[in-house]
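Data first, discussion second: the structure below is written as structure tokens.
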Amino acid sequence: MLLELCGLSLQESSAEAILREVGPRIRAEEAQRTVQMQAELEQAMAKRLMVEVTSEPALPPLSVRGVEGKRLYASVDATTAHLDGDWHNVQAGMVFTVESDVEGRDRLLQREYLSGRMNMETLGWRMRTLAYRWQGPSYGEVVFLGDGAPCNWNLAATHFPDALCILDFYHASEHVWELSRALYRQEDAVQKALGDRWVRSRLDSLKKEGPKPLLRALKRRTGKTKPQQEAIRKALGYFTTNGKRMDYPAHLKAGRMIGSGPIEAACKVVVGQRLKQAGMRWTDTGADAVLAVRTTLLNGNSQRLTELARAA
């Protein structure tokens, strides 16, 4: 069976062999870019402190792309895939620039993906390198958009300390709906209707006034049962912790995105459509090679992929 790989017509077995060789080469290049970025950061810090860095030889400057668009966004998320006999998290990240639509709202302009099975430390450095190559500090504003997972905000605090952090509005909405299901009996039509009305009112208030009215309302509620009291306690903790990331009125007024649609789409396009088709089972090594090649293709760097494929 003949397959097309990077402009080459190959037998399926040959294409697989090339893929397994090209994927690690791409990963090695990505790792080298991270090393270059870290070296440049170290050299910049040493210059500010007026000290000399002599431990390692100087590395060539990391290539960067031109600034284009209104602001730069960074976002991360995780999905799952069947690897080495079990389901494991696969990380996805992206940076993207935006332009204004006719109503002044941000819409995606240019983007670049990364993906793989990795820990949050590795993901953080790879995201930082990606944003560095996109000249993040040169944009008027950098936005980190994510769901409520604490590890995402730890990553943002470490690698994007100057970014404006926004909690995905729909993730916040899920927590309001979850609380409603605990407070209003879903099997009772009247109670359910009351709960639905309460949620719509609270979500409308979140967009127009931010989290403070919701927090005041939660503090006034006591809950009639222990499960209800626990649900209120959890919701209070969630919205208190994330309140600083929920200034939706200001974000909407500025035209910023408040939904994590781009990174959720990335999880589907980069990982889901390639690794999660019916009956698919992968080795960790094979899946990583596929993701390395797929992100390179989706990022529009097919020329580099063709060079690596021919060399393999």
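Labels for the structure tokens follow display order: chains A, B, ..., residues from 1 in each chain, ligands from 1.
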
Produce a table with one row for each residue of stretch 126-219 of chain A that has an atom at most 12 Å from any atom of stretch 82-91 of chain A, each row naming the nearest atom pair and its distance in Å at one decimal; use only C-alpha atoms; arrange rows by chain and rising residue number; format as JSON lines.
```
{"residue": "A:Arg126", "atom": "CA", "partner": "A:Gln91", "partner_atom": "CA", "distance": 11.2}
{"residue": "A:Met127", "atom": "CA", "partner": "A:Gln91", "partner_atom": "CA", "distance": 11.1}
{"residue": "A:Asn152", "atom": "CA", "partner": "A:Gln91", "partner_atom": "CA", "distance": 11.1}
```

Written selection (N, CA and C atoms) as a PDB file, in the first residue's frame:
```pdb
ATOM      1  N   ARG A 126       8.549  24.433  27.188  1.00  0.00           N
ATOM      2  CA  ARG A 126       8.270  24.425  25.760  1.00  0.00           C
ATOM      3  C   ARG A 126       7.325  25.561  25.381  1.00  0.00           C
ATOM      4  N   MET A 127       6.346  25.856  26.244  1.00  0.00           N
ATOM      5  CA  MET A 127       5.453  26.982  25.984  1.00  0.00           C
ATOM      6  C   MET A 127       6.216  28.301  26.064  1.00  0.00           C
ATOM      7  N   ASN A 152      -2.198  24.581  35.607  1.00  0.00           N
ATOM      8  CA  ASN A 152      -2.115  25.540  34.507  1.00  0.00           C
ATOM      9  C   ASN A 152      -1.712  26.916  35.017  1.00  0.00           C
TER      10      ASN A 152
END
```

Give me the stretch 217-292 of chain A side of the contact with stretch 153-163 of chain A, cut-off 12 Å, one line per residue showing its nearest atom pair and distance in Å at one decimal, counting only C-alpha atoms, sorted by chain and residue number, as JSON lines.
```
{"residue": "A:Thr241", "atom": "CA", "partner": "A:Trp153", "partner_atom": "CA", "distance": 10.9}
{"residue": "A:Asn242", "atom": "CA", "partner": "A:Trp153", "partner_atom": "CA", "distance": 9.7}
{"residue": "A:Lys244", "atom": "CA", "partner": "A:Trp153", "partner_atom": "CA", "distance": 11.8}
{"residue": "A:Arg245", "atom": "CA", "partner": "A:Trp153", "partner_atom": "CA", "distance": 10.0}
```

Distance criterion (only C-alpha atoms): nearest to A:Ser180 out of A:Asp196, A:Glu264, A:Glu209, A:Asp168: A:Asp196

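For the choices A:Arg33, A:Lys207, A:Arg304, A:Arg274, the atom-to-atom distance to A:Thr129 is smallest for A:Arg33 when using only C-alpha atoms.
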
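Those residues that approach A:Asp77 to within 10 Å, counting only C-alpha atoms, are Ser75, Thr79, Asn89, Val90, Gln91, Ala92, Gly93, Met94, Ser115, Leu145, Gly146, Asp147, Ala149, Asn152, Ser260, Ile263, Glu264, Ala266 and Cys267 of chain A; same-chain residues fewer than 2 positions away are not listed.
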
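Compared by their closest atoms to A:Gly69, and using only C-alpha atoms, the residues A:Val269, A:Leu123, A:Met37, A:Val142 rank with A:Val142 nearest.
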
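Coordinates place atom CA of A:Pro61 at a distance of 10.8 Å from atom CA of A:Gln38.
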
Contacts of A:Met246 at 12 Å (only C-alpha atoms; same-chain gap of 2+ positions) as an NGL selection string: :A and (145-148 or 164-173 or 203 or 205-212 or 214-215 or 238-244 or 248-252 or 257-259)

Any chance you can output those residues with C-alpha atoms as a PDB file, in the first residue's frame?
```pdb
ATOM      1  CA  LEU A 145      -6.183  31.665  28.848  1.00  0.00           C
ATOM      2  CA  GLY A 146      -6.916  28.405  30.660  1.00  0.00           C
ATOM      3  CA  ASP A 147      -9.325  26.276  32.638  1.00  0.00           C
ATOM      4  CA  GLY A 148      -9.378  26.031  36.420  1.00  0.00           C
ATOM      5  CA  LEU A 164      -3.011  38.769  31.910  1.00  0.00           C
ATOM      6  CA  CYS A 165      -4.634  35.525  33.117  1.00  0.00           C
ATOM      7  CA  ILE A 166      -8.227  34.720  32.145  1.00  0.00           C
ATOM      8  CA  LEU A 167     -10.244  31.765  33.391  1.00  0.00           C
ATOM      9  CA  ASP A 168     -12.195  30.138  30.585  1.00  0.00           C
ATOM     10  CA  PHE A 169     -15.769  31.392  31.013  1.00  0.00           C
ATOM     11  CA  TYR A 170     -17.302  28.057  30.062  1.00  0.00           C
ATOM     12  CA  HIS A 171     -15.237  26.237  32.666  1.00  0.00           C
ATOM     13  CA  ALA A 172     -16.566  28.681  35.253  1.00  0.00           C
ATOM     14  CA  SER A 173     -20.071  28.099  33.900  1.00  0.00           C
ATOM     15  CA  LEU A 203     -23.854  33.695  34.392  1.00  0.00           C
ATOM     16  CA  SER A 205     -24.065  38.648  36.223  1.00  0.00           C
ATOM     17  CA  LEU A 206     -20.585  37.131  35.760  1.00  0.00           C
ATOM     18  CA  LYS A 207     -20.300  38.697  32.327  1.00  0.00           C
ATOM     19  CA  LYS A 208     -21.694  42.070  33.356  1.00  0.00           C
ATOM     20  CA  GLU A 209     -20.374  42.488  36.907  1.00  0.00           C
ATOM     21  CA  GLY A 210     -17.638  39.893  37.446  1.00  0.00           C
ATOM     22  CA  PRO A 211     -17.460  37.370  40.309  1.00  0.00           C
ATOM     23  CA  LYS A 212     -18.273  39.589  43.308  1.00  0.00           C
ATOM     24  CA  LEU A 214     -21.848  35.541  42.822  1.00  0.00           C
ATOM     25  CA  LEU A 215     -19.487  35.337  45.781  1.00  0.00           C
ATOM     26  CA  TYR A 238     -13.223  27.830  43.447  1.00  0.00           C
ATOM     27  CA  PHE A 239     -14.612  31.295  42.717  1.00  0.00           C
ATOM     28  CA  THR A 240     -12.564  32.939  45.468  1.00  0.00           C
ATOM     29  CA  THR A 241      -9.340  31.381  44.158  1.00  0.00           C
ATOM     30  CA  ASN A 242     -10.102  32.249  40.538  1.00  0.00           C
ATOM     31  CA  GLY A 243     -11.821  35.583  41.128  1.00  0.00           C
ATOM     32  CA  LYS A 244      -8.802  37.608  39.994  1.00  0.00           C
ATOM     33  CA  TYR A 248     -15.117  39.341  32.349  1.00  0.00           C
ATOM     34  CA  PRO A 249     -16.705  42.796  32.007  1.00  0.00           C
ATOM     35  CA  ALA A 250     -13.272  44.382  31.464  1.00  0.00           C
ATOM     36  CA  HIS A 251     -12.143  41.578  29.157  1.00  0.00           C
ATOM     37  CA  LEU A 252     -15.263  41.797  27.004  1.00  0.00           C
ATOM     38  CA  MET A 257     -11.434  36.207  24.325  1.00  0.00           C
ATOM     39  CA  ILE A 258     -12.919  34.691  27.481  1.00  0.00           C
ATOM     40  CA  GLY A 259     -13.421  31.168  26.112  1.00  0.00           C
TER      41      GLY A 259
END
```

Expected answer as a PyMOL selection string: strand (DSSP E) residues in stretch 15-248 of chain A: chain A and resi 72-83+86-100+106-116+142-146+164-167

Proximity to A:Ala287 - best of A:Leu109, A:Trp198, A:Leu183, A:Leu275, only C-alpha atoms: A:Leu275

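For A:Pro60, the non-local neighbours within 10 Å, defined as residues at least 3 positions apart in the same chain or in other chains and counting only C-alpha atoms, are A:Gln36, A:Met37, A:Ala39, A:Glu40, A:Pro57, A:Ser63.
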
Next, dump the selected residues to file, keeping only C-alpha atoms, as a short mmCIF file (atom, residue, chain, number, x, y, z; two decimals), in the first residue's frame.
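out-v6.cif written:
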```cif
data_model
loop_
_atom_site.label_atom_id
_atom_site.label_comp_id
_atom_site.auth_asym_id
_atom_site.auth_seq_id
_atom_site.Cartn_x
_atom_site.Cartn_y
_atom_site.Cartn_z
CA GLN A 36 18.97 28.26 23.24
CA MET A 37 16.15 30.20 24.86
CA ALA A 39 20.92 30.41 27.40
CA GLU A 40 19.66 33.75 26.08
CA PRO A 57 29.93 28.27 25.22
CA SER A 63 15.31 32.65 15.50
#
```

7 Å contact set for A:Val95, only C-alpha atoms, chain neighbours under 2 positions out, as a PyMOL selection string: chain A and resi 72-75+111-113+131

For A:Gln135: contacts at 8 Å, only C-alpha atoms, fewer than 6 positions along chain excluded, given as a PyMOL selection string: chain A and resi 64-67

Export N, CA and C atoms of the chosen residues as an mmCIF file, in the first residue's frame?
```cif
data_model
loop_
_atom_site.group_PDB
_atom_site.id
_atom_site.type_symbol
_atom_site.label_atom_id
_atom_site.label_comp_id
_atom_site.auth_asym_id
_atom_site.auth_seq_id
_atom_site.Cartn_x
_atom_site.Cartn_y
_atom_site.Cartn_z
ATOM 1 N N VAL A 64 13.457 34.177 15.648
ATOM 2 C CA VAL A 64 12.133 34.638 16.075
ATOM 3 C C VAL A 64 11.336 35.071 14.847
ATOM 4 N N ARG A 65 10.033 35.137 15.022
ATOM 5 C CA ARG A 65 9.173 35.583 13.933
ATOM 6 C C ARG A 65 8.735 37.015 14.195
ATOM 7 N N GLY A 66 8.288 37.670 13.158
ATOM 8 C CA GLY A 66 7.876 39.054 13.303
ATOM 9 C C GLY A 66 6.603 39.206 14.109
ATOM 10 N N VAL A 67 6.460 40.343 14.747
ATOM 11 C CA VAL A 67 5.247 40.636 15.516
ATOM 12 C C VAL A 67 4.107 40.920 14.547
#
```

Å distance separating atom CA of A:Ser302 from atom CA of A:Arg27, one decimal place: 15.4 Å
